[in-house]
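Trainee: Sharing a structure here in structure tokens format.
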There are 2 protein chains.
Amino acid sequence: MSDAMRDDDIANTMRALGHPVRLEILRILANQQQGQCCCADVTESLPLAQSTVSQHIKVLLDAGLIDRKAHGTRNRYCIRQDKLSELGAAFGGLLQGLAPTANKEAELA
Amino acid sequence: MSDAMRDDDIANTMRALGHPVRLEILRILANQQQGQCCCADVTESLPLAQSTVSQHIKVLLDAGLIDRKAHGTRNRYCIRQDKLSELGAAFGGLLQGLAPTANKEAELA
DNA sequence: ATTATTGATCGGTCATTTGCGATGGAAGAT
DNA sequence: ATCTTCCATCGCAAATGACCGATCAATAAT
């Protein structure tokens with residue numbers, strides 16, 4: 001239980017996922033051949049200015065959900081699958097903690 | 001697939017979960033005897049003003065994550081388990097859509 | 001009827017987020 | 001060296017969010 005996400009981390013990550021454009025960006029990254037692409041690729045799939053896309057990317061980056069690798073004059077972004085499964089586990093734990101059956105039994109530790 | 005959550009819905013719900021206080025409120029509701037309690041109960045478990053707690057509750061309410069039932073002079077709040085599992089499914093679907101194995105196979109529909 | 005309790009809502013402040021165009025640095029091409 | 005491409009970052013404006021104290025309607029108790 002040592003490296004479990006705390007509420008702050010979970011909330012931060014949730015907030016990063018709390019914008020449809022960022023969900024879309026993640027999907028765009030996921031559907032790339034090598035699972036990676038540059039900012040320009042993302043931008044031309046979205047009706048937003050480059051600076052705006054770059055900012056959304058930064059949010060995902062800060063949340064640890066994606067990774068940046070400099071590659072020549074462009075950057076390659078890819079999804080951090082490890083973070084994603086970590087989040088999945090944390091989310092599952094959260095839901096379980098909120099389930100009605102977990103009320104009393106959880107106190108028997 | 002007709003009633004699946006769309007990106008907007010998912011993002012909205014994520015944003016509602018994107019604050020540690022609201023996560024805490026959900027946990028407080030979950031750990032109540034009948035899985036329900038009033039605003040005052042929640043407030044005295046948190047270092048926040050009543051108006052602030054009420055506002056957080058409203059966010060959860062608007063996101064459909066909790067339910068309000070008037071009961072005499074006070075309101076009873078409880079977690080909407082149906083929404084929670086709906087969200088769990090949507091989140092699972094999201095993660096699956098972002099997984100590397102889902103890239104090509106998903107196009108064979 | 002008067003009083004007390006509950007809790008939603010209003011108004012205000014301050015911080016953060018979202019969007020944009022413009023700027024500038026870094027790497028590749030000429 | 002010059003020029004182009006890529007894109008992070010910097011203002012800037014508008015909108016949203018978080019928090020508070022104050023208010024007010026509704027119900028319960030006296």
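In the structure tokens, the first chain shown is A, the next is B, and so on; residue numbers restart at 1 for each chain, and ligands run from 1 in the order shown.
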Can you tell me which residues surround region 3-20 of chain D at a distance of at most 10 Å, considering only C-alpha atoms (C1' of nucleotides), apart from same-chain residues fewer than 5 positions away, and format the answer as a VMD selection string?
Mentor: (chain A and resid 38 to 40 50 to 51 54 to 55 58 72 to 75) or (chain B and resid 48 to 53 55 to 56) or (chain C and resid 12 to 30)
Trainee: Give the strand (DSSP E) residues of chain A, as DSSP finds them on the backbone, and put them as a list in words.
Mentor: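 Those in chain A that DSSP calls strand (DSSP E) are Gln36, Cys37, Ile66, Asp67, Arg68, Lys69, Ala70, His71, Arg74, Asn75, Arg76, Tyr77, Cys78 and Ile79 of chain A.
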Trainee: For CA of Arg80 (chain A) and CA of Met5 (chain A), determine how far apart the two atoms are, in Å to one decimal place.
Mentor: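 Pair CA of Arg80 (chain A) / CA of Met5 (chain A) returns 15.9 Å.
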Trainee: Using only C-alpha atoms (C1' of nucleotides), determine which residues lie at most 9 Å from Arg22 (chain A), disregarding the query and same-chain residues fewer than 2 positions distant; provide the list as a PyMOL selection string.
Mentor: (chain A and resi 16-20+24-27+53+56-57+59-60) or (chain B and resi 11)
Trainee: Would you export the selected residues with C-alpha atoms as a PDB file, in the first residue's frame, please?
Mentor:
```pdb
ATOM      1  CA  ALA A  16      -6.257  16.376 -16.097  1.00  0.00           C
ATOM      2  CA  LEU A  17      -8.765  13.957 -17.621  1.00  0.00           C
ATOM      3  CA  GLY A  18     -11.582  16.394 -16.973  1.00  0.00           C
ATOM      4  CA  HIS A  19     -11.567  18.070 -20.347  1.00  0.00           C
ATOM      5  CA  PRO A  20     -12.907  16.559 -23.564  1.00  0.00           C
ATOM      6  CA  GLU A  24      -9.334  13.393 -27.467  1.00  0.00           C
ATOM      7  CA  ILE A  25      -5.611  14.084 -27.426  1.00  0.00           C
ATOM      8  CA  LEU A  26      -5.013  10.858 -25.541  1.00  0.00           C
ATOM      9  CA  ARG A  27      -7.036   8.973 -28.119  1.00  0.00           C
ATOM     10  CA  VAL A  53      -3.006  22.288 -27.922  1.00  0.00           C
ATOM     11  CA  HIS A  56      -3.356  20.881 -23.051  1.00  0.00           C
ATOM     12  CA  ILE A  57      -0.413  18.638 -23.750  1.00  0.00           C
ATOM     13  CA  VAL A  59      -1.412  19.502 -18.540  1.00  0.00           C
ATOM     14  CA  LEU A  60      -1.264  15.841 -19.518  1.00  0.00           C
TER      15      LEU A  60
ATOM     16  CA  ALA B  11     -14.940  14.761 -18.668  1.00  0.00           C
TER      17      ALA B  11
END
```
Trainee: At a cut-off of 9 Å, list the chain A residues touching chain B, using only C-alpha atoms, as a PyMOL selection string.
Mentor: chain A and resi 7-24+26-27+29-35+79+81+84-85+88+91-92+94-95+97-100+102-104
Trainee: Go ahead and save the residues from that selection, with N, CA and C atoms, as a short mmCIF file (atom, residue, chain, number, x, y, z; two decimals), in the first residue's frame.
Mentor:
```cif
data_model
loop_
_atom_site.label_atom_id
_atom_site.label_comp_id
_atom_site.auth_asym_id
_atom_site.auth_seq_id
_atom_site.Cartn_x
_atom_site.Cartn_y
_atom_site.Cartn_z
N ASP A 7 -5.26 10.86 -2.32
CA ASP A 7 -6.41 11.60 -2.86
C ASP A 7 -5.96 12.76 -3.73
N ASP A 8 -4.93 13.46 -3.28
CA ASP A 8 -4.46 14.60 -4.05
C ASP A 8 -4.02 14.17 -5.45
N ASP A 9 -3.27 13.07 -5.50
CA ASP A 9 -2.80 12.59 -6.80
C ASP A 9 -3.96 12.17 -7.68
N ILE A 10 -4.87 11.43 -7.08
CA ILE A 10 -6.03 10.98 -7.85
C ILE A 10 -6.80 12.18 -8.37
N ALA A 11 -7.05 13.15 -7.48
CA ALA A 11 -7.81 14.32 -7.90
C ALA A 11 -7.08 15.07 -9.01
N ASN A 12 -5.79 15.21 -8.87
CA ASN A 12 -5.03 15.91 -9.91
C ASN A 12 -5.15 15.20 -11.25
N THR A 13 -5.01 13.90 -11.22
CA THR A 13 -5.09 13.15 -12.47
C THR A 13 -6.49 13.23 -13.06
N MET A 14 -7.48 13.15 -12.18
CA MET A 14 -8.86 13.26 -12.65
C MET A 14 -9.09 14.60 -13.33
N ARG A 15 -8.54 15.64 -12.73
CA ARG A 15 -8.74 16.96 -13.30
C ARG A 15 -8.08 17.03 -14.67
N ALA A 16 -6.92 16.39 -14.79
CA ALA A 16 -6.26 16.38 -16.10
C ALA A 16 -7.13 15.67 -17.14
N LEU A 17 -7.87 14.67 -16.71
CA LEU A 17 -8.77 13.96 -17.62
C LEU A 17 -10.11 14.67 -17.76
N GLY A 18 -10.28 15.75 -17.02
CA GLY A 18 -11.58 16.39 -16.97
C GLY A 18 -11.81 17.43 -18.05
N HIS A 19 -11.32 17.16 -19.22
CA HIS A 19 -11.57 18.07 -20.35
C HIS A 19 -11.62 17.25 -21.62
N PRO A 20 -12.72 17.40 -22.38
CA PRO A 20 -12.91 16.56 -23.56
C PRO A 20 -11.75 16.64 -24.56
N VAL A 21 -11.17 17.81 -24.69
CA VAL A 21 -10.05 17.94 -25.63
C VAL A 21 -8.88 17.06 -25.21
N ARG A 22 -8.65 16.99 -23.91
CA ARG A 22 -7.52 16.18 -23.45
C ARG A 22 -7.81 14.70 -23.61
N LEU A 23 -9.05 14.30 -23.44
CA LEU A 23 -9.41 12.91 -23.73
C LEU A 23 -9.15 12.62 -25.20
N GLU A 24 -9.53 13.57 -26.02
CA GLU A 24 -9.33 13.39 -27.47
C GLU A 24 -7.85 13.30 -27.80
N LEU A 26 -5.48 12.19 -25.94
CA LEU A 26 -5.01 10.86 -25.54
C LEU A 26 -5.39 9.83 -26.58
N ARG A 27 -6.60 9.92 -27.10
CA ARG A 27 -7.04 8.97 -28.12
C ARG A 27 -6.23 9.12 -29.40
N LEU A 29 -3.17 10.11 -29.62
CA LEU A 29 -1.87 9.50 -29.37
C LEU A 29 -1.97 7.97 -29.44
N ALA A 30 -3.05 7.45 -28.88
CA ALA A 30 -3.20 6.00 -28.83
C ALA A 30 -3.36 5.41 -30.23
N ASN A 31 -3.95 6.16 -31.13
CA ASN A 31 -4.23 5.62 -32.46
C ASN A 31 -3.13 5.89 -33.47
N GLN A 32 -2.01 6.34 -32.98
CA GLN A 32 -0.87 6.55 -33.86
C GLN A 32 -0.15 5.22 -34.07
N GLN A 33 0.53 5.09 -35.19
CA GLN A 33 1.20 3.84 -35.54
C GLN A 33 2.11 3.33 -34.41
N GLN A 34 3.08 4.17 -34.04
CA GLN A 34 3.95 3.77 -32.95
C GLN A 34 3.43 4.25 -31.60
N GLY A 35 2.17 4.68 -31.58
CA GLY A 35 1.64 5.21 -30.33
C GLY A 35 2.31 6.51 -29.94
N ILE A 79 1.67 7.96 -24.75
CA ILE A 79 0.95 7.68 -23.52
C ILE A 79 1.82 6.88 -22.58
N GLN A 81 1.71 4.18 -20.37
CA GLN A 81 0.82 3.09 -20.01
C GLN A 81 0.94 2.72 -18.54
N LEU A 84 -1.20 4.94 -16.62
CA LEU A 84 -2.59 4.65 -16.92
C LEU A 84 -3.10 3.47 -16.09
N SER A 85 -2.26 2.44 -15.99
CA SER A 85 -2.73 1.29 -15.21
C SER A 85 -2.68 1.60 -13.72
N GLY A 88 -5.79 3.32 -13.20
CA GLY A 88 -6.89 2.35 -13.22
C GLY A 88 -7.03 1.64 -11.90
N PHE A 91 -8.35 4.07 -9.30
CA PHE A 91 -9.77 4.34 -9.53
C PHE A 91 -10.61 3.16 -9.07
N GLY A 92 -10.13 1.97 -9.39
CA GLY A 92 -10.83 0.78 -8.92
C GLY A 92 -10.92 0.76 -7.41
N LEU A 94 -10.84 3.29 -5.45
CA LEU A 94 -11.77 4.34 -5.05
C LEU A 94 -13.20 3.86 -5.13
N LEU A 95 -13.56 3.29 -6.28
CA LEU A 95 -14.93 2.81 -6.46
C LEU A 95 -15.27 1.75 -5.42
N GLY A 97 -14.02 1.45 -2.48
CA GLY A 97 -14.19 2.10 -1.19
C GLY A 97 -15.54 2.79 -1.06
N LEU A 98 -16.17 3.06 -2.18
CA LEU A 98 -17.45 3.76 -2.15
C LEU A 98 -18.64 2.81 -2.27
N ALA A 99 -18.34 1.54 -2.51
CA ALA A 99 -19.41 0.56 -2.67
C ALA A 99 -20.08 0.30 -1.33
N PRO A 100 -21.37 0.00 -1.36
CA PRO A 100 -22.13 -0.18 -0.12
C PRO A 100 -21.62 -1.34 0.72
N ALA A 102 -18.72 -2.21 1.24
CA ALA A 102 -17.41 -1.96 1.84
C ALA A 102 -17.52 -1.22 3.17
N ASN A 103 -18.74 -0.86 3.56
CA ASN A 103 -18.87 0.05 4.70
C ASN A 103 -18.29 -0.49 5.99
N LYS A 104 -18.87 -1.61 6.47
CA LYS A 104 -18.45 -2.11 7.78
C LYS A 104 -17.19 -2.97 7.68
#
```
Trainee: DSSP on the backbone: what in region 55-102 of chain A comes out helix (DSSP H, G or I), as JSON, numbers by chain?
Mentor: {"A": [55, 56, 57, 58, 59, 60, 61, 62, 81, 82, 83, 84, 85, 86, 87, 88, 89, 90, 91, 92, 93, 94, 95, 96, 97, 98, 102]}
Trainee: Work out how far apart CA of Val42 (chain A) and CA of Ala90 (chain B) are and give it in Å to one decimal.
Mentor: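 Going from CA of Val42 (chain A) over to CA of Ala90 (chain B), I get 23.5 Å.
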Trainee: To one decimal in Å, tell me the separation between C1' of DT9 (chain C) and CA of Ala70 (chain B).
Mentor: 16.8 Å
Trainee: Considering only C-alpha atoms (C1' of nucleotides), extract the chain C residues located within 12 Å of chain B and return them as an NGL selection string.
Mentor: :C and (4-10)
